[in-house]
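To keep things clear, I will list the structure first and then write my remarks on it.
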Amino acid sequence: MLLLAGCERRDDSPRPDEQKWVQGVRFTEVTETAGIARATQTYDAAIADFDDDSWPDLYVGNHAGGATLLRNQGDGTFRDVLPQSGITASGDQHGTGWADANGDGHLDLYVTLGAGRGLATKSNRLYRGDGRGRFVDVAADSGASDPSGRSRAMAWLDVDRDGDLDLAVINFASPNRLFLNRGDGTFEDASEAWGIASLSGTRITWGDYDGDGFPDLLLSGTPKGLRLLRNDRGSRFVDATRDAGLEPMHDPIQGMAFGDYDNDGDLDLAASFGADFNEGIVDDQHGTLRFAFFAHDDPAGFDFTAAADATGVDLDLYENGSPVAADRIRCGADGVSSWRFTCPATATVASEASDVPLFLVWRDAGERRDCDDCPARQLWHLRWQGRGDHHLSGIVRGGRDPAPVDLRTDVQRGAALWRNDGGVFVRDLDSQHGLPEASGVNGQAVQWADVDSDGWLDLYLVNSGLDGESSSSLLLLNDRGRRFVAVPAVSGATPDSGAGRAVGAHFFDYDRDGRLDLFLTNGWGAPPFDQGPYRLLRNVGATGHWLALTLRGRSSNRDGLGATVVVEACGERRTRYQNGGTSYFSQSITPLHFGLGPCEVIDSIEIRWPSGTKQNLHDIPADQHVQVEESP
């Protein structure tokens, strides 16, 4: 198989000295038995116990494919309860986020939507929950609908630490929004005053990187690339990218995650690089080509060959995600009647230039040979002619040996790690320490999770591969902050992405056995390559002891978002920051998970609440779910 602009799959087998360490990591797929098997256009998911029965549930927006609200039945299965929930299934859904926005004790849900490629208006959705599975959209009345924003990512956080959760909405090619919670069910648009409106963007994560107690924002996909916005003590955001060691950073960063991977008490940063949408062609070596690219200033596409005796080639062509209109296609000098057509071998005269955007398909007269003894072949050409906002994709049956013409195939790929050194990020570790080579992963989401509960955060890198070709992601085990070791495919943690491209990874303990399980979404990509499966992977490996900690704020917001928790056991400290579990476009509300290795008792737990309150607990037995309410 020939991959153009694709990802090389490295040998991920561990060395002999690593075999014993990684062999205990095991995941088994339970998607079918859990009752959630689907293949659709899925971007991201958000996890929370929306009905307050102690079992974590799933909301999956499915972009335009119809959302699902999967209630955890507590017996290993889920049931879609969206039809009776009051939540609208349809719409150009991107990011979603759970939080108790009004402090009534029940989780609410925010859903971001696009705005018709910037040509329409819409309303993002704020669903107020009643704790029993029913929701009412109050976005319009609350002032948080953002009608003109091409909304992508979102985050709930208390930017001014007044105890009410505020809302950041990250908009592609349109102003970002920061909605300050007035505490009465309504929001004030403070985007300009807080300094985030002009950046626009596509992704967000957040955390207290400088340890001053105020949540800071990290945005990617802005006109200035990666931007770190320091919270100026609850009054505004200040661009601290350069001072924090992250500039210049114009690379295509897709995934970002804060986490203390070296257990020194401050938040480090992992990021993945990759292409949101690819330009390239996949040749399956059996006569089928799958391609995707963007319109360029000049005609662009690819050449390919067909057998000398072929009577033509069959094509399916798409523009901006839908079958292309027949009047935008020329087969030779002739028009066609459908987006799915056969271009005959007689199409040896190219269509004349036109001001109308067109797909052009034709072949050279005669035959070609690459060598004296090589078989004769027909040489074909496929081009898109016309500037503008056009995303092109399709399938060619009967084609071989593609050669790109003026496609952009040099997008940076890979992953990077920055160690936090007193509020300044220093690039740390590299491919010699277990991170993938630049060609090893087309990075989308990135997540920290202690999958083996040894007390050290492991790293999951979502590899979105190439349109038309299945891919596998990477799970890297943390060797006490010194290096990472890739877990082999036999672990079950990195299944293929099916017919779609991998997009999201979400760690949560769905069966409450103390081990972090994994939910994967795989519906990213250009149609028709965007129908990926859900995958629910149950962690069945050997793990250490653990603690799952749920926070309940009183003076602070009820979900404890923005709290820092330090757990000490067996002489070692582990620090976690509660941002709910940001991922790609979305935000969850999940318990903080601490791996404890061999420790059966936790010596101390220190909680630094967003309100400024500090709370300490001592001598807590391991292997349990603990809920802590903020002290008065």
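The chains in the structure tokens are called A, B, ... from first to last as shown; in each chain the residues are counted from 1, and the ligands are counted from 1 in the order shown.
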Neighbour list for range 383-398 of chain A as a ChimeraX atom specification, cut-off 8 Å, only C-alpha atoms, skip fewer than 6 positions in-chain: /A:287-302,306-307,310,312-321,355-361,526-528
Contacts of Gln447 in chain A within 8 Å, only C-alpha atoms, excl. fewer than 2 positions in-chain, as JSON, numbers by chain: {"A": [256, 257, 445, 449, 459, 460, 461, 505, 506, 583]}
How would the residues just chosen look if you wrote them out with all heavy atoms as a CSV table (one decimal), in the first residue's frame?
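Contents of the output file again.csv:
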chain,number,residue,atom,x,y,z
A,256,MET,N,-3.9,19.1,23.0
A,256,MET,CA,-3.1,19.7,24.0
A,256,MET,C,-3.7,19.2,25.4
A,256,MET,O,-4.9,19.0,25.5
A,256,MET,CB,-3.3,21.2,24.0
A,256,MET,CG,-3.0,21.9,22.7
A,256,MET,SD,-3.4,23.7,22.7
A,256,MET,CE,-5.2,23.6,22.9
A,257,ALA,N,-2.8,18.9,26.3
A,257,ALA,CA,-3.2,18.5,27.6
A,257,ALA,C,-2.2,18.8,28.7
A,257,ALA,O,-1.0,18.6,28.5
A,257,ALA,CB,-3.4,16.9,27.6
A,445,ALA,N,-6.1,14.3,19.2
A,445,ALA,CA,-6.2,14.5,20.6
A,445,ALA,C,-5.0,13.9,21.3
A,445,ALA,O,-4.4,13.0,20.8
A,445,ALA,CB,-7.5,13.9,21.1
A,449,ALA,N,-3.2,9.9,31.4
A,449,ALA,CA,-4.0,9.0,32.2
A,449,ALA,C,-3.1,8.0,32.8
A,449,ALA,O,-2.2,7.4,32.1
A,449,ALA,CB,-5.1,8.3,31.4
A,459,LEU,N,0.7,8.6,28.5
A,459,LEU,CA,0.3,9.5,27.5
A,459,LEU,C,-0.3,8.7,26.3
A,459,LEU,O,0.2,7.8,25.8
A,459,LEU,CB,1.6,10.2,26.9
A,459,LEU,CG,1.4,11.3,25.9
A,459,LEU,CD1,0.5,12.5,26.5
A,459,LEU,CD2,2.8,11.9,25.5
A,460,TYR,N,-1.5,9.2,25.9
A,460,TYR,CA,-2.2,8.6,24.8
A,460,TYR,C,-2.2,9.6,23.7
A,460,TYR,O,-2.7,10.8,23.8
A,460,TYR,CB,-3.6,8.2,25.2
A,460,TYR,CG,-4.3,7.2,24.3
A,460,TYR,CD1,-4.1,5.9,24.5
A,460,TYR,CD2,-5.0,7.7,23.2
A,460,TYR,CE1,-4.7,4.9,23.6
A,460,TYR,CE2,-5.6,6.7,22.3
A,460,TYR,CZ,-5.4,5.4,22.5
A,460,TYR,OH,-6.0,4.5,21.6
A,461,LEU,N,-1.8,9.2,22.5
A,461,LEU,CA,-1.7,10.1,21.3
A,461,LEU,C,-2.7,9.5,20.2
A,461,LEU,O,-2.5,8.4,19.8
A,461,LEU,CB,-0.3,10.1,20.7
A,461,LEU,CG,0.8,10.7,21.7
A,461,LEU,CD1,2.2,10.5,21.0
A,461,LEU,CD2,0.5,12.1,22.0
A,505,ALA,N,-10.1,10.7,22.4
A,505,ALA,CA,-9.8,9.6,23.4
A,505,ALA,C,-10.2,10.1,24.7
A,505,ALA,O,-9.9,11.3,25.1
A,505,ALA,CB,-8.3,9.3,23.4
A,506,HIS,N,-11.0,9.3,25.5
A,506,HIS,CA,-11.6,9.7,26.7
A,506,HIS,C,-11.4,8.6,27.7
A,506,HIS,O,-12.0,7.5,27.6
A,506,HIS,CB,-13.1,10.0,26.5
A,506,HIS,CG,-13.4,10.9,25.3
A,506,HIS,ND1,-13.5,12.2,25.4
A,506,HIS,CD2,-13.5,10.6,24.0
A,506,HIS,CE1,-13.7,12.7,24.2
A,506,HIS,NE2,-13.7,11.7,23.3
A,583,SER,N,-10.8,17.7,26.4
A,583,SER,CA,-10.4,16.8,25.3
A,583,SER,C,-10.8,17.3,24.0
A,583,SER,O,-12.0,17.4,23.7
A,583,SER,CB,-11.0,15.4,25.5
A,583,SER,OG,-10.7,14.6,24.4
For Gly544 in chain A, the nearest of the candidates A:Thr348, A:Thr42, A:Ser453, A:Ser54, counting only C-alpha atoms: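 Closest residue, counting only C-alpha atoms: A:Ser453.
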Helix (DSSP H, G or I) residues, from DSSP on the backbone, in range 135-343 of chain A, as a PyMOL selection string: chain A and resi 139-142+191-194+197-199+326-328
Spatial neighbours of range 274-278 of chain A, max dist 8 Å, only C-alpha atoms, sep filter under 4 positions, as a ChimeraX atom specification: /A:5,252-254,292-293,409,411-414,441-444,466-467,525-526
Taking all heavy atoms for each residue, export the selection above as a CSV table (one decimal), in the first residue's frame.
chain,number,residue,atom,x,y,z
A,5,ALA,N,1.6,11.4,1.9
A,5,ALA,CA,1.3,12.3,3.1
A,5,ALA,C,0.7,11.4,4.2
A,5,ALA,O,0.0,11.9,5.1
A,5,ALA,CB,0.3,13.4,2.8
A,252,PRO,N,1.0,23.1,13.3
A,252,PRO,CA,-0.4,22.7,13.4
A,252,PRO,C,-0.7,21.9,14.6
A,252,PRO,O,-0.9,20.6,14.5
A,252,PRO,CB,-0.6,21.9,12.1
A,252,PRO,CG,0.7,21.3,11.8
A,252,PRO,CD,1.7,22.4,12.3
A,253,ILE,N,-0.8,22.5,15.7
A,253,ILE,CA,-1.1,21.8,17.0
A,253,ILE,C,-2.6,21.5,17.0
A,253,ILE,O,-3.5,22.3,16.9
A,253,ILE,CB,-0.7,22.6,18.2
A,253,ILE,CG1,0.8,22.7,18.2
A,253,ILE,CG2,-1.2,22.0,19.5
A,253,ILE,CD1,1.4,23.5,19.4
A,254,GLN,N,-2.9,20.2,17.2
A,254,GLN,CA,-4.3,19.8,17.3
A,254,GLN,C,-4.7,19.4,18.8
A,254,GLN,O,-5.7,19.9,19.3
A,254,GLN,CB,-4.5,18.5,16.4
A,254,GLN,CG,-4.1,18.8,15.0
A,254,GLN,CD,-4.9,19.9,14.3
A,254,GLN,OE1,-6.0,20.2,14.7
A,254,GLN,NE2,-4.4,20.4,13.2
A,292,ALA,N,-8.1,13.2,-0.9
A,292,ALA,CA,-8.7,14.4,-0.3
A,292,ALA,C,-7.7,15.5,-0.4
A,292,ALA,O,-6.5,15.3,-0.2
A,292,ALA,CB,-9.1,14.2,1.2
A,293,PHE,N,-8.2,16.7,-0.8
A,293,PHE,CA,-7.3,17.9,-0.8
A,293,PHE,C,-8.2,19.1,-0.9
A,293,PHE,O,-9.4,19.1,-1.0
A,293,PHE,CB,-6.3,17.8,-2.0
A,293,PHE,CG,-7.0,17.9,-3.4
A,293,PHE,CD1,-7.2,19.1,-4.1
A,293,PHE,CD2,-7.4,16.7,-4.0
A,293,PHE,CE1,-7.8,19.1,-5.3
A,293,PHE,CE2,-7.9,16.7,-5.3
A,293,PHE,CZ,-8.1,17.9,-5.9
A,409,THR,N,1.8,18.4,1.1
A,409,THR,CA,1.9,17.1,1.8
A,409,THR,C,3.0,17.2,2.9
A,409,THR,O,3.5,16.2,3.4
A,409,THR,CB,2.3,16.0,0.8
A,409,THR,OG1,3.5,16.4,0.1
A,409,THR,CG2,1.2,15.8,-0.2
A,411,VAL,N,2.9,18.9,5.9
A,411,VAL,CA,2.4,19.3,7.3
A,411,VAL,C,3.2,18.6,8.4
A,411,VAL,O,3.4,17.4,8.3
A,411,VAL,CB,0.9,19.1,7.4
A,411,VAL,CG1,0.4,19.5,8.8
A,411,VAL,CG2,0.1,19.9,6.3
A,412,GLN,N,3.6,19.4,9.4
A,412,GLN,CA,4.3,18.8,10.5
A,412,GLN,C,3.4,17.8,11.2
A,412,GLN,O,2.2,18.1,11.5
A,412,GLN,CB,4.8,19.8,11.5
A,412,GLN,CG,5.6,19.2,12.6
A,412,GLN,CD,6.2,20.2,13.6
A,412,GLN,OE1,6.2,21.4,13.3
A,412,GLN,NE2,6.7,19.8,14.7
A,413,ARG,N,4.0,16.7,11.6
A,413,ARG,CA,3.3,15.6,12.4
A,413,ARG,C,4.1,15.2,13.6
A,413,ARG,O,5.3,15.4,13.6
A,413,ARG,CB,2.9,14.4,11.5
A,413,ARG,CG,1.9,14.7,10.4
A,413,ARG,CD,1.8,13.6,9.4
A,413,ARG,NE,0.7,13.8,8.5
A,413,ARG,CZ,0.6,14.6,7.5
A,413,ARG,NH1,1.7,15.3,7.2
A,413,ARG,NH2,-0.5,14.7,6.7
A,414,GLY,N,3.5,14.6,14.6
A,414,GLY,CA,4.2,14.1,15.7
A,414,GLY,C,3.7,14.6,17.0
A,414,GLY,O,2.5,15.0,17.1
A,441,VAL,N,3.0,9.8,13.8
A,441,VAL,CA,1.6,10.0,14.3
A,441,VAL,C,1.1,11.3,13.7
A,441,VAL,O,1.8,12.3,13.7
A,441,VAL,CB,1.5,10.0,15.8
A,441,VAL,CG1,2.4,11.1,16.4
A,441,VAL,CG2,0.0,10.3,16.3
A,442,ASN,N,-0.1,11.3,13.0
A,442,ASN,CA,-0.8,12.5,12.6
A,442,ASN,C,-1.7,12.9,13.8
A,442,ASN,O,-2.8,12.5,13.9
A,442,ASN,CB,-1.6,12.2,11.3
A,442,ASN,CG,-2.3,13.4,10.8
A,442,ASN,OD1,-2.0,14.5,11.2
A,442,ASN,ND2,-3.1,13.2,9.8
A,443,GLY,N,-1.1,13.7,14.6
A,443,GLY,CA,-1.7,13.9,15.9
A,443,GLY,C,-3.0,14.7,15.9
A,443,GLY,O,-3.2,15.7,15.3
A,444,GLN,N,-4.0,14.2,16.7
A,444,GLN,CA,-5.2,14.9,16.9
A,444,GLN,C,-5.3,15.0,18.5
A,444,GLN,O,-4.5,15.8,19.0
A,444,GLN,CB,-6.4,14.1,16.4
A,444,GLN,CG,-6.5,14.3,14.8
A,444,GLN,CD,-6.9,15.7,14.4
A,444,GLN,OE1,-7.4,16.4,15.1
A,444,GLN,NE2,-6.6,16.0,13.1
A,466,LEU,N,-4.8,9.2,7.7
A,466,LEU,CA,-5.1,9.9,6.4
A,466,LEU,C,-6.5,9.5,5.9
A,466,LEU,O,-6.9,8.4,6.1
A,466,LEU,CB,-4.0,9.4,5.4
A,466,LEU,CG,-4.0,10.0,4.0
A,466,LEU,CD1,-3.5,11.4,4.1
A,466,LEU,CD2,-3.0,9.2,3.1
A,467,ASP,N,-7.2,10.4,5.3
A,467,ASP,CA,-8.5,10.1,4.8
A,467,ASP,C,-8.4,8.9,3.8
A,467,ASP,O,-7.7,8.9,2.9
A,467,ASP,CB,-9.0,11.3,4.0
A,467,ASP,CG,-9.4,12.5,4.9
A,467,ASP,OD1,-10.1,12.2,5.8
A,467,ASP,OD2,-9.0,13.6,4.6
A,525,GLY,N,-12.7,13.4,9.4
A,525,GLY,CA,-12.3,13.2,8.1
A,525,GLY,C,-13.2,13.8,7.0
A,525,GLY,O,-14.3,14.3,7.3
A,526,ALA,N,-12.8,13.7,5.8
A,526,ALA,CA,-13.6,14.2,4.7
A,526,ALA,C,-14.6,13.1,4.2
A,526,ALA,O,-14.2,12.0,4.0
A,526,ALA,CB,-12.7,14.6,3.5
Nearest candidate to Arg26 in chain A (options A:Val490, A:Leu70, A:Ala240, A:Ala39; using only C-alpha atoms): A:Val490
Against range 73-80 of chain A, which residues of range 499-583 of chain A fall within 12 Å? For each one I want the closest pair of atoms and the distance in Å (one decimal), counting only C-alpha atoms, rows by chain and increasing residue number, as a Markdown table.
| residue | atom | partner | partner_atom | distance |
| --- | --- | --- | --- | --- |
| A:Asp509 | CA | A:Gly76 | CA | 11.1 |
| A:Tyr510 | CA | A:Gly76 | CA | 7.8 |
| A:Asp511 | CA | A:Gly76 | CA | 6.4 |
| A:Arg512 | CA | A:Gly74 | CA | 8.9 |
| A:Asp513 | CA | A:Gly76 | CA | 11.2 |
| A:Asp517 | CA | A:Gly76 | CA | 11.9 |
| A:Leu536 | CA | A:Thr77 | CA | 10.7 |
| A:Leu537 | CA | A:Gly76 | CA | 11.7 |
| A:Arg538 | CA | A:Gly76 | CA | 9.9 |
Output for the residues just chosen: all heavy atoms as a JSON list (two decimals), in the first residue's frame:
[["chain", "number", "residue", "atom", "x", "y", "z"],
["A", 509, "ASP", "N", -13.63, 5.62, 34.23],
["A", 509, "ASP", "CA", -13.86, 4.31, 34.86],
["A", 509, "ASP", "C", -15.34, 3.98, 34.76],
["A", 509, "ASP", "O", -16.11, 4.18, 35.70],
["A", 509, "ASP", "CB", -13.39, 4.36, 36.31],
["A", 509, "ASP", "CG", -13.51, 3.01, 37.02],
["A", 509, "ASP", "OD1", -13.78, 2.00, 36.34],
["A", 509, "ASP", "OD2", -13.35, 3.00, 38.26],
["A", 510, "TYR", "N", -15.76, 3.45, 33.60],
["A", 510, "TYR", "CA", -17.19, 3.27, 33.36],
["A", 510, "TYR", "C", -17.79, 2.19, 34.24],
["A", 510, "TYR", "O", -19.00, 2.21, 34.54],
["A", 510, "TYR", "CB", -17.46, 2.97, 31.88],
["A", 510, "TYR", "CG", -17.38, 1.53, 31.48],
["A", 510, "TYR", "CD1", -18.51, 0.72, 31.46],
["A", 510, "TYR", "CD2", -16.16, 0.95, 31.12],
["A", 510, "TYR", "CE1", -18.43, -0.62, 31.09],
["A", 510, "TYR", "CE2", -16.08, -0.37, 30.74],
["A", 510, "TYR", "CZ", -17.21, -1.16, 30.74],
["A", 510, "TYR", "OH", -17.13, -2.48, 30.38],
["A", 511, "ASP", "N", -16.97, 1.19, 34.67],
["A", 511, "ASP", "CA", -17.51, 0.10, 35.49],
["A", 511, "ASP", "C", -17.13, 0.22, 36.96],
["A", 511, "ASP", "O", -17.40, -0.68, 37.74],
["A", 511, "ASP", "CB", -17.05, -1.25, 34.94],
["A", 511, "ASP", "CG", -15.53, -1.35, 34.79],
["A", 511, "ASP", "OD1", -14.82, -0.37, 35.14],
["A", 511, "ASP", "OD2", -15.04, -2.40, 34.32],
["A", 512, "ARG", "N", -16.49, 1.33, 37.33],
["A", 512, "ARG", "CA", -16.17, 1.66, 38.72],
["A", 512, "ARG", "C", -15.34, 0.58, 39.42],
["A", 512, "ARG", "O", -15.51, 0.32, 40.61],
["A", 512, "ARG", "CB", -17.45, 1.96, 39.52],
["A", 512, "ARG", "CG", -18.13, 3.25, 39.09],
["A", 512, "ARG", "CD", -19.46, 3.46, 39.81],
["A", 512, "ARG", "NE", -19.35, 3.41, 41.26],
["A", 512, "ARG", "CZ", -19.01, 4.44, 42.03],
["A", 512, "ARG", "NH1", -18.74, 5.61, 41.48],
["A", 512, "ARG", "NH2", -18.95, 4.31, 43.35],
["A", 513, "ASP", "N", -14.41, -0.04, 38.67],
["A", 513, "ASP", "CA", -13.54, -1.03, 39.29],
["A", 513, "ASP", "C", -12.17, -0.45, 39.63],
["A", 513, "ASP", "O", -11.27, -1.18, 40.05],
["A", 513, "ASP", "CB", -13.38, -2.26, 38.39],
["A", 513, "ASP", "CG", -12.61, -1.98, 37.11],
["A", 513, "ASP", "OD1", -12.30, -0.79, 36.82],
["A", 513, "ASP", "OD2", -12.32, -2.93, 36.37],
["A", 517, "ASP", "N", -10.82, 3.05, 31.97],
["A", 517, "ASP", "CA", -11.21, 2.49, 30.69],
["A", 517, "ASP", "C", -11.10, 3.59, 29.63],
["A", 517, "ASP", "O", -10.78, 4.75, 29.93],
["A", 517, "ASP", "CB", -12.63, 1.94, 30.78],
["A", 517, "ASP", "CG", -12.80, 1.02, 31.98],
["A", 517, "ASP", "OD1", -12.07, 0.03, 32.07],
["A", 517, "ASP", "OD2", -13.66, 1.33, 32.85],
["A", 536, "LEU", "N", -15.37, 1.21, 22.83],
["A", 536, "LEU", "CA", -15.27, 1.23, 24.28],
["A", 536, "LEU", "C", -14.33, 0.11, 24.70],
["A", 536, "LEU", "O", -14.60, -1.07, 24.42],
["A", 536, "LEU", "CB", -16.63, 1.05, 24.94],
["A", 536, "LEU", "CG", -16.64, 1.04, 26.48],
["A", 536, "LEU", "CD1", -16.09, 2.35, 27.05],
["A", 536, "LEU", "CD2", -18.04, 0.76, 27.02],
["A", 537, "LEU", "N", -13.22, 0.46, 25.34],
["A", 537, "LEU", "CA", -12.19, -0.49, 25.71],
["A", 537, "LEU", "C", -12.13, -0.60, 27.23],
["A", 537, "LEU", "O", -11.89, 0.39, 27.93],
["A", 537, "LEU", "CB", -10.83, -0.05, 25.18],
["A", 537, "LEU", "CG", -10.77, 0.31, 23.69],
["A", 537, "LEU", "CD1", -9.37, 0.77, 23.31],
["A", 537, "LEU", "CD2", -11.18, -0.88, 22.83],
["A", 538, "ARG", "N", -12.37, -1.79, 27.73],
["A", 538, "ARG", "CA", -12.34, -2.01, 29.17],
["A", 538, "ARG", "C", -10.93, -2.37, 29.60],
["A", 538, "ARG", "O", -10.28, -3.24, 29.02],
["A", 538, "ARG", "CB", -13.31, -3.13, 29.55],
["A", 538, "ARG", "CG", -13.39, -3.40, 31.05],
["A", 538, "ARG", "CD", -14.53, -4.32, 31.42],
["A", 538, "ARG", "NE", -14.61, -4.49, 32.86],
["A", 538, "ARG", "CZ", -14.25, -5.59, 33.51],
["A", 538, "ARG", "NH1", -13.80, -6.65, 32.85],
["A", 538, "ARG", "NH2", -14.33, -5.65, 34.83]]
Those of range 246-475 of chain A in DSSP strand (DSSP E or B), formatted as a PyMOL selection string: chain A and resi 253-259+268-273+280-283+288-294+300-307+312-319+322-323+329-331+334+340-344+358-363+368+377-385+391-397+400-405+414-421+424-427+443-449+458-463+466+469+472+474-475
Two-atom distance - CA of Gly265 in chain A, CA of Thr543 in chain A (Å): 23.0 Å
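Using only C-alpha atoms, the smallest distance between any of A:Gly143, A:Pro591, A:Gly434, A:Gly523 and His625 in chain A comes from A:Pro591.
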Polymer residues at most 8 Å from range 149-154 of chain A, only C-alpha atoms, same-chain spacing of 5 or more positions, as a list in words: His94, Gly95, Thr96, Gly97, Thr112, Leu113, Gly114, Ala115, Gly116, Arg117, Gly118, Thr121, Leu167, Ala168, Val169, Ile170, Asn171, Phe172, Ala173, Ser174, Pro175, Asn176, Thr202, Arg203, Ile204, Tyr584, Phe585, Ser586 and Gln587 of chain A
Coordinates-based distance that separates CA of Leu226 in chain A from CA of Pro248 in chain A (Å, one decimal):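 Straight-line distance from CA of Pro248 in chain A to CA of Leu226 in chain A works out to 8.2 Å.
CA of Leu69 in chain A is positioned 22.3 Å from CA of Gly498 in chain A.
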Among the residues A:Val567, A:Asp283, A:Thr521, A:Val424, the one that comes closest to Asn62 in chain A [using only C-alpha atoms]: A:Thr521
